[in-house]
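Below is run-v4.txt, which holds compact mmCIF, C-alpha atoms.
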# COMPACT_ATOMS: atom_id res chain seq x y z
CA MET X 1 -13.32 -8.22 31.49
CA VAL X 2 -13.55 -11.60 29.78
CA ALA X 3 -13.44 -9.89 26.39
CA VAL X 4 -10.31 -7.97 27.36
CA LYS X 5 -8.66 -11.17 28.58
CA SER X 6 -9.47 -13.28 25.54
CA VAL X 7 -8.24 -10.73 23.00
CA PHE X 8 -5.37 -9.13 24.79
CA ALA X 9 -3.37 -11.98 26.35
CA PRO X 10 -2.62 -13.92 23.12
CA TYR X 11 -1.50 -10.69 21.44
CA ILE X 12 0.98 -10.04 24.24
CA TYR X 13 2.16 -13.66 24.11
CA VAL X 14 2.82 -13.63 20.37
CA CYS X 15 4.34 -10.15 20.27
CA THR X 16 6.77 -11.08 23.07
CA ARG X 17 7.79 -14.22 21.22
CA MET X 18 8.44 -12.17 18.11
CA ARG X 19 10.58 -9.73 20.10
CA VAL X 20 12.67 -12.55 21.58
CA ARG X 21 13.10 -14.10 18.13
CA LYS X 22 14.10 -10.73 16.70
CA ALA X 23 16.74 -10.38 19.41
CA LYS X 24 18.17 -13.76 18.37
CA LEU X 25 18.79 -12.65 14.76
CA ILE X 26 22.40 -12.36 13.64
CA PRO X 27 23.84 -9.01 14.76
CA ARG X 28 25.80 -6.60 12.58
CA GLU X 29 29.18 -7.50 14.14
CA GLU X 30 28.68 -11.14 13.23
CA TYR X 31 28.14 -10.22 9.55
CA MET X 32 31.30 -8.12 9.64
CA ARG X 33 33.17 -11.12 11.05
CA MET X 34 31.69 -13.42 8.42
CA LEU X 35 32.90 -11.11 5.64
CA ASN X 36 36.45 -12.24 6.42
CA MET X 37 35.63 -15.95 6.47
CA SER X 38 35.62 -18.67 3.85
CA LEU X 39 32.48 -20.50 2.72
CA PRO X 40 32.98 -23.59 4.97
CA GLU X 41 33.57 -21.30 7.94
CA ILE X 42 30.39 -19.35 7.17
CA THR X 43 28.49 -22.65 6.91
CA ARG X 44 29.80 -23.62 10.34
CA ILE X 45 28.80 -20.27 11.86
CA ILE X 46 25.31 -20.54 10.34
CA GLN X 47 25.07 -24.06 11.72
CA GLU X 48 25.68 -22.72 15.20
CA THR X 49 22.69 -20.36 14.97
CA GLN X 50 19.01 -20.98 14.24
CA TYR X 51 19.77 -22.93 11.06
CA LYS X 52 21.34 -25.96 12.76
CA GLN X 53 18.44 -28.35 12.17
CA GLU X 54 18.20 -27.58 8.44
CA ILE X 55 21.95 -27.79 7.86
CA ASP X 56 22.10 -31.12 9.72
CA GLU X 57 19.16 -32.54 7.78
CA LEU X 58 20.38 -31.43 4.38
CA SER X 59 24.13 -31.92 4.72
CA SER X 60 23.90 -35.52 3.49
CA VAL X 61 22.22 -34.44 0.24
CA PHE X 62 23.78 -31.03 -0.49
CA SER X 63 27.13 -29.41 0.07
CA GLY X 64 28.81 -26.02 -0.26
CA ILE X 65 26.72 -23.15 -1.57
CA ASP X 66 23.72 -25.39 -2.42
CA LEU X 67 23.54 -26.55 1.18
CA ILE X 68 23.40 -22.97 2.45
CA GLU X 69 20.84 -21.90 -0.17
CA VAL X 70 18.44 -24.76 0.52
CA ALA X 71 18.90 -24.62 4.30
CA LEU X 72 18.15 -20.88 4.34
CA SER X 73 15.02 -21.27 2.19
CA TRP X 74 13.76 -24.17 4.29
CA ASN X 75 14.40 -22.33 7.52
CA LEU X 76 12.63 -19.19 6.28
CA ALA X 77 9.57 -21.16 5.17
CA LYS X 78 9.51 -23.16 8.42
CA GLU X 79 9.80 -20.00 10.48
CA TYR X 80 6.95 -18.33 8.61
CA GLN X 81 4.69 -21.37 8.94
CA LYS X 82 5.50 -21.58 12.66
CA ILE X 83 4.54 -17.94 13.15
CA LEU X 84 1.26 -18.52 11.34
CA GLU X 85 0.54 -21.36 13.76
CA ILE X 86 1.00 -19.24 16.87
CA THR X 87 -0.62 -15.96 15.79
CA PRO X 88 -4.19 -15.51 17.03
CA GLY X 89 -7.34 -14.09 15.44
CA ASN X 90 -7.01 -11.13 13.12
CA LEU X 91 -3.24 -11.13 13.44
CA LYS X 92 -3.22 -14.52 11.74
CA GLN X 93 -5.31 -13.22 8.88
CA PHE X 94 -3.07 -10.18 8.42
CA THR X 95 0.07 -12.32 8.59
CA GLN X 96 -1.39 -14.67 5.99
CA SER X 97 -2.17 -11.72 3.74
CA TYR X 98 1.35 -10.37 4.17
CA LEU X 99 2.85 -13.77 3.34
CA ARG X 100 0.81 -14.10 0.15
CA ARG X 101 3.50 -12.05 -1.60
CA TRP X 102 5.64 -15.21 -1.50
CA ASP X 103 3.07 -16.90 -3.77
CA ILE X 104 3.78 -14.28 -6.41
CA GLN X 105 7.52 -14.72 -6.00
CA ASN X 106 7.33 -18.53 -6.08
CA VAL X 107 5.04 -18.71 -9.11
CA LEU X 108 7.14 -16.20 -11.03
CA THR X 109 10.34 -18.09 -10.11
CA ILE X 110 8.82 -21.31 -11.42
CA LEU X 111 7.55 -19.67 -14.62
CA ARG X 112 10.86 -17.91 -15.26
CA GLY X 113 12.84 -21.08 -14.52
CA LYS X 114 10.66 -23.17 -16.84
CA MET X 115 10.86 -20.58 -19.63
CA GLN X 116 14.65 -20.62 -19.37
CA GLY X 117 14.80 -24.40 -19.23
CA GLU X 118 16.27 -24.60 -15.72
CA LYS X 119 16.34 -27.96 -13.93
CA VAL X 120 13.49 -28.64 -11.49
CA GLY X 121 15.93 -29.20 -8.61
CA LYS X 122 17.62 -25.86 -9.21
CA ILE X 123 14.28 -23.99 -9.23
CA LYS X 124 13.13 -25.83 -6.12
CA GLU X 125 16.19 -24.70 -4.18
CA ILE X 126 15.15 -21.07 -4.24
CA LEU X 127 11.43 -21.48 -3.61
CA VAL X 128 10.16 -20.38 -0.22
CA PRO X 129 6.85 -22.16 0.49
CA ALA X 130 5.69 -19.50 2.94
CA GLY X 131 2.53 -18.26 1.22
CA SER X 132 -0.79 -19.94 0.61
CA LEU X 133 0.82 -22.31 -1.93
CA ASP X 134 2.42 -25.04 0.15
CA ARG X 135 5.27 -27.39 -0.73
CA VAL X 136 2.92 -30.00 -2.25
CA MET X 137 1.28 -27.44 -4.52
CA LEU X 138 4.64 -26.01 -5.57
CA ASP X 139 5.84 -29.54 -6.41
CA ARG X 140 2.75 -29.98 -8.57
CA LEU X 141 3.58 -26.75 -10.38
CA LEU X 142 7.20 -27.81 -10.81
CA ALA X 143 6.08 -31.14 -12.30
CA GLU X 144 4.31 -29.35 -15.18
CA ASP X 145 6.31 -28.76 -18.36
CA SER X 146 4.89 -25.63 -19.92
CA PRO X 147 3.96 -22.25 -18.39
CA GLU X 148 0.41 -22.63 -19.78
CA LYS X 149 -0.08 -25.84 -17.82
CA ILE X 150 1.39 -24.28 -14.67
CA ILE X 151 -1.09 -21.42 -14.92
CA ASP X 152 -3.93 -23.90 -15.48
CA VAL X 153 -3.01 -25.76 -12.27
CA LEU X 154 -3.45 -22.47 -10.40
CA LYS X 155 -7.09 -22.19 -11.48
CA GLY X 156 -9.12 -21.09 -8.46
CA ASN X 157 -6.23 -19.24 -6.86
CA ARG X 158 -6.44 -15.47 -6.33
CA ILE X 159 -3.61 -14.82 -8.75
CA TYR X 160 -5.02 -16.97 -11.56
CA PRO X 161 -7.07 -14.22 -13.30
CA VAL X 162 -4.03 -11.92 -13.58
CA LEU X 163 -1.75 -14.77 -14.68
CA SER X 164 -4.12 -15.94 -17.42
CA ARG X 165 -4.77 -12.35 -18.57
CA GLU X 166 -1.12 -11.34 -18.69
CA TYR X 167 0.46 -14.54 -19.98
CA PRO X 168 -0.14 -13.91 -23.73
CA VAL X 169 1.64 -10.52 -23.45
CA THR X 170 4.47 -12.09 -21.45
CA LYS X 171 4.87 -14.90 -23.97
CA GLU X 172 5.10 -12.41 -26.80
CA SER X 173 7.57 -10.06 -25.11
CA GLY X 174 9.54 -12.73 -23.26
CA SER X 175 9.64 -10.52 -20.15
CA PHE X 176 7.76 -11.15 -16.93
CA SER X 177 8.07 -7.58 -15.65
CA ARG X 178 4.56 -6.53 -16.70
CA MET X 179 3.00 -9.66 -15.21
CA GLU X 180 4.95 -9.11 -12.01
CA ASN X 181 3.77 -5.49 -11.77
CA GLU X 182 0.17 -6.52 -12.32
CA LEU X 183 0.39 -9.28 -9.71
CA TYR X 184 1.79 -6.89 -7.11
CA LYS X 185 -0.83 -4.27 -7.95
CA GLN X 186 -3.56 -6.86 -7.39
CA PHE X 187 -1.87 -8.07 -4.20
CA PHE X 188 -1.64 -4.60 -2.70
CA SER X 189 -5.19 -3.63 -3.63
CA GLU X 190 -6.46 -6.84 -2.02
CA ILE X 191 -4.58 -6.39 1.24
CA ILE X 192 -5.59 -2.72 1.46
CA ALA X 193 -9.23 -3.79 1.07
CA GLU X 194 -8.71 -6.38 3.80
CA ALA X 195 -7.08 -3.88 6.17
CA GLU X 196 -9.90 -1.40 5.54
CA SER X 197 -12.65 -3.96 6.04
CA GLY X 198 -13.10 -2.91 9.69
CA LEU X 199 -11.23 -5.76 11.34
CA LYS X 200 -9.66 -4.93 14.70
CA GLY X 201 -6.01 -3.93 14.21
CA GLY X 202 -6.62 -3.18 10.53
CA LYS X 203 -5.49 0.43 10.90
CA GLN X 204 -2.01 -0.61 12.05
CA PHE X 205 -1.76 -3.07 9.17
CA LEU X 206 -2.82 -0.33 6.80
CA ASP X 207 -0.04 1.97 8.11
CA PHE X 208 2.50 -0.70 7.25
CA ILE X 209 1.04 -1.38 3.79
CA ARG X 210 0.92 2.29 2.86
CA PHE X 211 4.52 2.84 3.90
CA ASP X 212 5.57 -0.31 2.03
CA ILE X 213 3.84 0.97 -1.11
CA ASP X 214 5.50 4.40 -0.74
CA ILE X 215 8.93 2.84 -0.43
CA ARG X 216 8.26 0.61 -3.44
CA ASN X 217 7.10 3.56 -5.53
CA ILE X 218 10.14 5.63 -4.51
CA LYS X 219 12.46 2.74 -5.34
CA THR X 220 10.77 2.39 -8.72
CA LEU X 221 11.19 6.12 -9.38
CA PHE X 222 14.91 5.95 -8.55
CA ARG X 223 15.29 2.85 -10.74
CA LEU X 224 13.52 4.57 -13.63
CA ARG X 225 15.88 7.53 -13.26
CA ALA X 226 18.88 5.21 -13.33
CA ASP X 227 17.52 3.43 -16.42
CA THR X 228 18.70 4.57 -19.80
CA PHE X 229 15.68 3.44 -21.78
CA GLU X 230 12.22 4.96 -21.55
CA GLU X 231 9.42 2.91 -20.03
CA ASP X 232 5.82 3.67 -19.25
CA ALA X 233 5.95 4.69 -15.60
CA ARG X 234 2.22 4.15 -15.05
CA ASP X 235 2.66 0.37 -15.50
CA MET X 236 4.93 0.29 -12.47
CA TYR X 237 2.92 2.54 -10.21
CA ILE X 238 1.27 0.91 -7.20
CA ALA X 239 -1.83 2.65 -5.88
CA GLY X 240 -2.60 3.10 -2.19
CA GLY X 241 0.32 5.18 -0.93
CA VAL X 242 0.76 8.94 -0.70
CA PHE X 243 1.46 9.33 -4.42
CA SER X 244 -1.35 9.50 -6.93
CA ALA X 245 -0.80 8.11 -10.44
CA ALA X 246 -0.43 11.69 -11.73
CA ASP X 247 2.18 12.54 -9.04
CA PHE X 248 4.11 9.44 -9.96
CA ALA X 249 4.11 10.23 -13.67
CA ASN X 250 5.08 13.88 -12.97
CA LEU X 251 7.94 12.88 -10.68
CA ASN X 252 9.22 10.55 -13.36
CA THR X 253 9.49 13.39 -15.87
CA VAL X 254 11.70 15.55 -13.60
CA ARG X 255 15.34 15.09 -14.65
CA ASP X 256 17.12 17.34 -12.15
CA GLN X 257 18.01 15.33 -9.03
CA ALA X 258 17.64 18.22 -6.51
CA GLU X 259 14.26 19.24 -7.93
CA PHE X 260 13.10 15.61 -7.95
CA ILE X 261 14.05 15.20 -4.27
CA GLU X 262 12.29 18.45 -3.32
CA LEU X 263 9.10 17.34 -5.07
CA LEU X 264 9.30 13.96 -3.36
CA LYS X 265 9.79 15.61 0.03
CA ALA X 266 6.74 17.80 -0.51
CA LYS X 267 4.59 14.67 -0.77
CA ILE X 268 6.05 12.77 2.17
CA ARG X 269 5.42 13.38 5.86
CA ASN X 270 7.63 10.72 7.40
CA SER X 271 10.62 12.39 9.09
CA LEU X 272 12.99 9.42 8.63
CA LEU X 273 12.32 9.34 4.92
CA ILE X 274 12.67 13.11 4.57
CA SER X 275 16.10 13.10 6.22
CA LEU X 276 17.20 10.21 3.99
CA LEU X 277 16.01 12.06 0.87
CA ASP X 278 18.11 15.07 1.95
CA GLU X 279 21.17 12.84 1.95
CA LEU X 280 20.27 11.50 -1.49
CA LYS X 281 20.41 14.93 -3.15
CA SER X 282 23.86 14.14 -4.44
CA GLU X 283 23.78 11.39 -7.06
CA LYS X 284 24.34 7.91 -5.66
CA ALA X 285 24.46 4.38 -7.06
CA ILE X 286 20.99 2.85 -7.36
CA ARG X 287 22.00 -0.14 -5.23
CA ASP X 288 23.06 2.18 -2.43
CA VAL X 289 19.79 4.15 -2.67
CA GLU X 290 17.73 0.96 -2.54
CA SER X 291 19.50 -0.48 0.48
CA ARG X 292 19.18 2.83 2.34
CA LEU X 293 15.47 2.99 1.55
CA THR X 294 15.11 -0.56 2.83
CA ARG X 295 16.90 0.42 6.03
CA VAL X 296 14.57 3.40 6.51
CA GLN X 297 11.60 1.10 5.97
CA LEU X 298 12.88 -1.26 8.67
CA GLU X 299 13.55 1.64 11.05
CA GLN X 300 10.05 2.99 10.48
CA MET X 301 8.56 -0.45 11.08
CA GLU X 302 10.61 -0.75 14.25
CA SER X 303 9.31 2.59 15.54
CA LEU X 304 5.72 1.61 14.65
CA SER X 305 6.18 -1.64 16.56
CA LYS X 306 7.27 0.33 19.61
CA ARG X 307 4.29 2.66 19.30
CA ASN X 308 1.89 -0.26 18.94
CA PRO X 309 3.60 -3.01 20.95
CA PHE X 310 0.72 -5.47 20.80
CA SER X 311 -0.39 -5.24 17.21
CA ILE X 312 0.60 -6.70 13.85
CA HIS X 313 3.73 -4.51 13.78
CA PRO X 314 6.10 -6.58 15.98
CA ILE X 315 5.21 -9.63 13.87
CA LEU X 316 5.82 -7.81 10.59
CA VAL X 317 9.13 -6.37 11.82
CA TYR X 318 10.33 -9.84 12.68
CA LEU X 319 9.14 -11.32 9.37
CA GLU X 320 10.92 -8.58 7.42
CA LYS X 321 14.12 -8.75 9.46
CA LYS X 322 14.21 -12.51 9.16
CA LYS X 323 13.80 -12.17 5.41
CA TYR X 324 16.73 -9.78 5.23
CA GLU X 325 18.84 -12.05 7.43
CA VAL X 326 18.31 -14.84 4.92
CA PHE X 327 19.04 -12.44 2.03
CA ASN X 328 22.22 -11.28 3.75
CA LEU X 329 23.48 -14.79 4.44
CA ARG X 330 22.69 -15.78 0.88
CA ALA X 331 24.51 -12.71 -0.45
CA LEU X 332 27.48 -13.50 1.79
CA ALA X 333 27.62 -17.13 0.69
CA ARG X 334 27.12 -16.32 -2.99
CA GLY X 335 29.67 -13.50 -2.82
CA LYS X 336 32.26 -15.76 -1.21
CA GLU X 337 31.54 -18.48 -3.76
CA SER X 338 32.14 -15.99 -6.60
CA LYS X 339 35.29 -14.74 -4.79
CA LEU X 340 34.02 -11.15 -4.60
CA PRO X 341 36.00 -8.78 -2.35
CA SER X 342 34.51 -8.26 1.14
CA GLU X 343 33.78 -4.56 0.55
CA ARG X 344 31.70 -5.43 -2.49
CA ILE X 345 29.69 -8.05 -0.57
CA ALA X 346 29.16 -5.59 2.31
CA GLU X 347 27.38 -3.23 -0.11
CA TYR X 348 24.67 -5.84 -0.64
CA LEU X 349 23.98 -6.46 3.04
CA VAL X 350 21.04 -4.87 4.82
CA VAL X 351 22.22 -4.57 8.42
CA MET O 352 -30.27 11.23 55.98
CA VAL O 353 -30.50 10.09 59.61
CA ASP O 354 -33.37 7.83 60.60
CA VAL O 355 -34.48 8.96 64.08
CA ASN O 356 -36.20 5.65 64.74
CA MET O 357 -32.91 3.66 64.59
CA THR O 358 -31.81 1.99 67.82
CA LEU O 359 -28.18 1.92 69.01
CA GLU O 360 -27.91 -1.79 68.15
CA MET O 361 -29.09 -1.10 64.65
CA VAL O 362 -26.46 1.65 64.18
CA GLU O 363 -23.68 -0.61 65.52
CA ALA O 364 -24.75 -3.47 63.28
CA SER O 365 -24.83 -1.11 60.30
CA GLN O 366 -21.29 0.09 61.08
CA VAL O 367 -19.99 -3.50 61.21
CA GLY O 368 -21.70 -4.18 57.89
CA MET O 369 -20.17 -1.08 56.32
CA LYS O 370 -16.70 -2.12 57.50
CA ALA O 371 -17.18 -5.59 56.06
CA LEU O 372 -18.32 -4.06 52.78
CA ALA O 373 -15.30 -1.73 52.69
CA ALA O 374 -12.97 -4.68 53.37
CA ALA O 375 -14.62 -6.65 50.58
CA ILE O 376 -14.17 -3.76 48.17
CA ALA O 377 -10.51 -3.37 49.21
CA VAL O 378 -9.70 -7.04 48.59
CA GLY O 379 -11.96 -7.42 45.54
CA SER O 380 -10.79 -4.38 43.61
CA THR O 381 -7.10 -4.98 44.30
CA GLY O 382 -7.61 -8.63 43.31
CA ILE O 383 -9.02 -7.56 39.95
CA ALA O 384 -6.20 -5.04 39.48
CA ALA O 385 -3.55 -7.67 40.29
CA ALA O 386 -5.25 -10.13 37.92
CA LEU O 387 -5.17 -7.63 35.04
CA ALA O 388 -1.53 -6.79 35.66
CA GLU O 389 -0.58 -10.45 35.95
CA MET O 390 -2.49 -11.31 32.80
CA ALA O 391 -0.27 -9.01 30.74
CA ILE O 392 2.95 -9.96 32.49
CA GLY O 393 2.08 -13.66 32.52
CA SER O 394 1.34 -13.73 28.78
CA ALA O 395 4.64 -12.02 28.04
CA ALA O 396 6.42 -14.33 30.50
CA VAL O 397 5.06 -17.47 28.85
CA GLY O 398 5.98 -16.06 25.44
CA ALA O 399 9.53 -15.29 26.54
CA THR O 400 9.94 -18.69 28.20
CA ALA O 401 8.68 -20.47 25.08
CA GLU O 402 11.54 -18.89 23.14
CA ASN O 403 14.22 -19.04 25.81
CA LYS O 404 13.86 -21.41 28.76
CA ASP O 405 16.68 -19.76 30.70
CA VAL O 406 14.51 -16.77 31.59
CA PHE O 407 11.92 -18.85 33.45
CA GLY O 408 13.14 -17.93 36.97
CA LEU O 409 13.32 -14.23 36.17
CA VAL O 410 9.89 -14.03 34.51
CA LEU O 411 8.31 -16.00 37.35
CA LEU O 412 9.55 -13.33 39.72
CA LEU O 413 8.21 -10.55 37.48
CA THR O 414 4.84 -12.29 37.20
CA VAL O 415 4.26 -12.31 40.96
CA ILE O 416 5.24 -8.67 41.55
CA PRO O 417 1.63 -7.41 41.06
CA GLU O 418 0.65 -9.72 43.95
CA THR O 419 1.80 -6.86 46.18
CA ILE O 420 -1.28 -4.88 45.10
CA VAL O 421 -3.65 -7.51 46.44
CA ILE O 422 -1.54 -7.86 49.61
CA PHE O 423 -2.00 -4.13 50.24
CA GLY O 424 -5.73 -4.63 49.76
CA LEU O 425 -5.71 -7.54 52.19
CA VAL O 426 -3.81 -5.51 54.81
CA VAL O 427 -6.29 -2.64 54.50
CA ALA O 428 -9.17 -5.11 54.80
CA LEU O 429 -7.67 -6.69 57.94
CA LEU O 430 -7.09 -3.26 59.48
CA LEU O 431 -10.71 -2.35 58.80
CA ILE O 432 -12.13 -5.51 60.32
CA PHE O 433 -9.87 -5.85 63.41
Reformat the file's structure so that it appears as structure tokens.
Amino acid sequence: MVAVKSVFAPYIYVCTRMRVRKAKLIPREEYMRMLNMSLPEITRIIQETQYKQEIDELSSVFSGIDLIEVALSWNLAKEYQKILEITPGNLKQFTQSYLRRWDIQNVLTILRGKMQGEKVGKIKEILVPAGSLDRVMLDRLLAEDSPEKIIDVLKGNRIYPVLSREYPVTKESGSFSRMENELYKQFFSEIIAEAESGLKGGKQFLDFIRFDIDIRNIKTLFRLRADTFEEDARDMYIAGGVFSAADFANLNTVRDQAEFIELLKAKIRNSLLISLLDELKSEKAIRDVESRLTRVQLEQMESLSKRNPFSIHPILVYLEKKKYEVFNLRALARGKESKLPSERIAEYLVV
Amino acid sequence: MVDVNMTLEMVEASQVGMKALAAAIAVGSTGIAAALAEMAIGSAAVGATAENKDVFGLVLLLTVIPETIVIFGLVVALLLIF
């Protein structure tokens, strides 16, 4: 009885908090309303929601689009750190593993920014210190001048071996895509190993990872089809999902859209994904395909969180939805700043 | 199995003991059941209140609903004893 109490109650507590937080996220109607507003009006609306504290704190230093960008990044990082504080036991470990993907994004943003000679302040605006590399560490990385020195500072970190191995190739080609692929491959193999290590709740985490990998692989396949130049598909393949490396390479060689979709469907068992693939038989813009795949991923995560109400799923659903809320607000603000028409901005929103 | 050597007093005393035992089981088991139910509801209630203080009154009400289980147990126990 004591064992049941000590494990179960904190899970219920955290999962309920995540559900309440999820309910507080900006609803679809609000985005539609914001599409017809100007940038200052959007800033005001954002200020009235969960971002009030950040906007108030930063409004003396930044203004306009910069204020929104920085406030959103700060809020996202703060929210993620807060969730890490309240999650118990294995859930904390899984959440930490999930958030490690931000390390990859932050390090790559810094490296790309430095290579292109961007100002430190500009790079800092878009960093989200939500992973294992905190704000202090990211500042240390930003203070370094050359990519080599940045990689050296990361010595001892999980991603260091891949960074040091891939950097010479990246330097030569000038493109970070291969390094990025390798980092994500390492990341996914590590979290799969963690989920399979026998920890309680690992199976549910594994379900999420596998579906995430499938969606990523399918997105990559669609992107490769939309691309005009030939690339080695095996470099972009992520292992761990339903596709084997051979399946992935085979699918990439199929040119006919209907045949490609049929072959994809034969491999997949998820009903939501199958019905989406049916709709994609007619050619569609890659951006549209990607946002629909993202929506299916969120729907699937939502249904998993209902099936396993006190597991890692409700936490992951909230983390993902929060991420997309920030992406949406950023897209809205950026779109308005660039004076894009509302219909065009709406295409970029994941709601 | 009936013990033929038992006196009437012994049988009566045994019956009282059995009733007391049954009452104890009625209150004890329903107490545990109510505790388990309240553990889950209470955790969720605290979680919900932490995010939104306005729901405190409502969740307090929901938390005490499983108390009815233990009240049923208590009533059964009282009926058994008196």
Query - Within 6 Å of chain O: residues of chain X, using all atoms listed in the file, as a ChimeraX atom specification - result: /X:9,12-13,16-17
Query raised in the report: Which is closest to Asn308 of chain X among X:Cys15, X:Ala266, X:Ile42, X:Val296, if we use only C-alpha atoms?
Result: X:Cys15
Requested in this report: Show which residues sit within 6 Å of segment 231-242 of chain X, as an NGL selection string. Count all atoms listed in the file, and ignore same-chain residues fewer than 2 positions away.
Outcome: :X and (181 or 185 or 210 or 213-214)
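What separates atom CA of Ala258 of chain X from atom CA of Val289 of chain X is a distance of 14.7 Å.
Note that atom CA of Lys24 of chain X and atom CA of Met37 of chain X are 21.2 Å apart.
In terms of minimum interatomic distance to Ile315 of chain X, X:Glu79 ranks closest within X:Glu79, X:Glu118, X:Glu337, X:Glu148, counting all atoms listed in the file.
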Query raised in the report: Pick from X:Glu290, X:Asp134, X:Asp207, X:Glu279: nearest to Ser311 of chain X, with only C-alpha atoms counted?
Result: X:Asp207
Requested in this report: Would you mind listing what lies within 8 Å of Gly382 of chain O as a PyMOL selection string, with all atoms listed in the file counted and same-chain residues fewer than 2 positions away left out?
Outcome: chain O and resi 378-380+384-386+420-421+424
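Here atom CA of Gly198 of chain X is placed at a distance of 25.3 Å from atom CA of Arg216 of chain X.
The environment of Pro161 of chain X within 10 Å, counting only C-alpha atoms and disregarding residues fewer than 6 places along the same chain, consists of Ile151, Leu154, Lys155 and Leu183 of chain X.
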Requested in this report: Please provide the set of residues having any atom within 12 Å of Leu141 of chain X, restricted to all atoms listed in the file, with same-chain residues fewer than 5 positions apart removed, written as a PyMOL selection string.
Outcome: chain X and resi 103+106-111+113-114+120+123-124+127+133-136+146-155
**Report entry** Nearest candidate to Ser38 of chain X (options X:Gly121, X:Ser173, X:Asp56, X:Ile65; using only C-alpha atoms)
**Finding:** X:Ile65
Requested in this report: Within 8 Å of Val427 of chain O, counting all atoms listed in the file, which residues show up once you throw out same-chain ones fewer than 4 positions away? Write them as a PyMOL selection string, please.
Outcome: chain O and resi 374+377+423+431
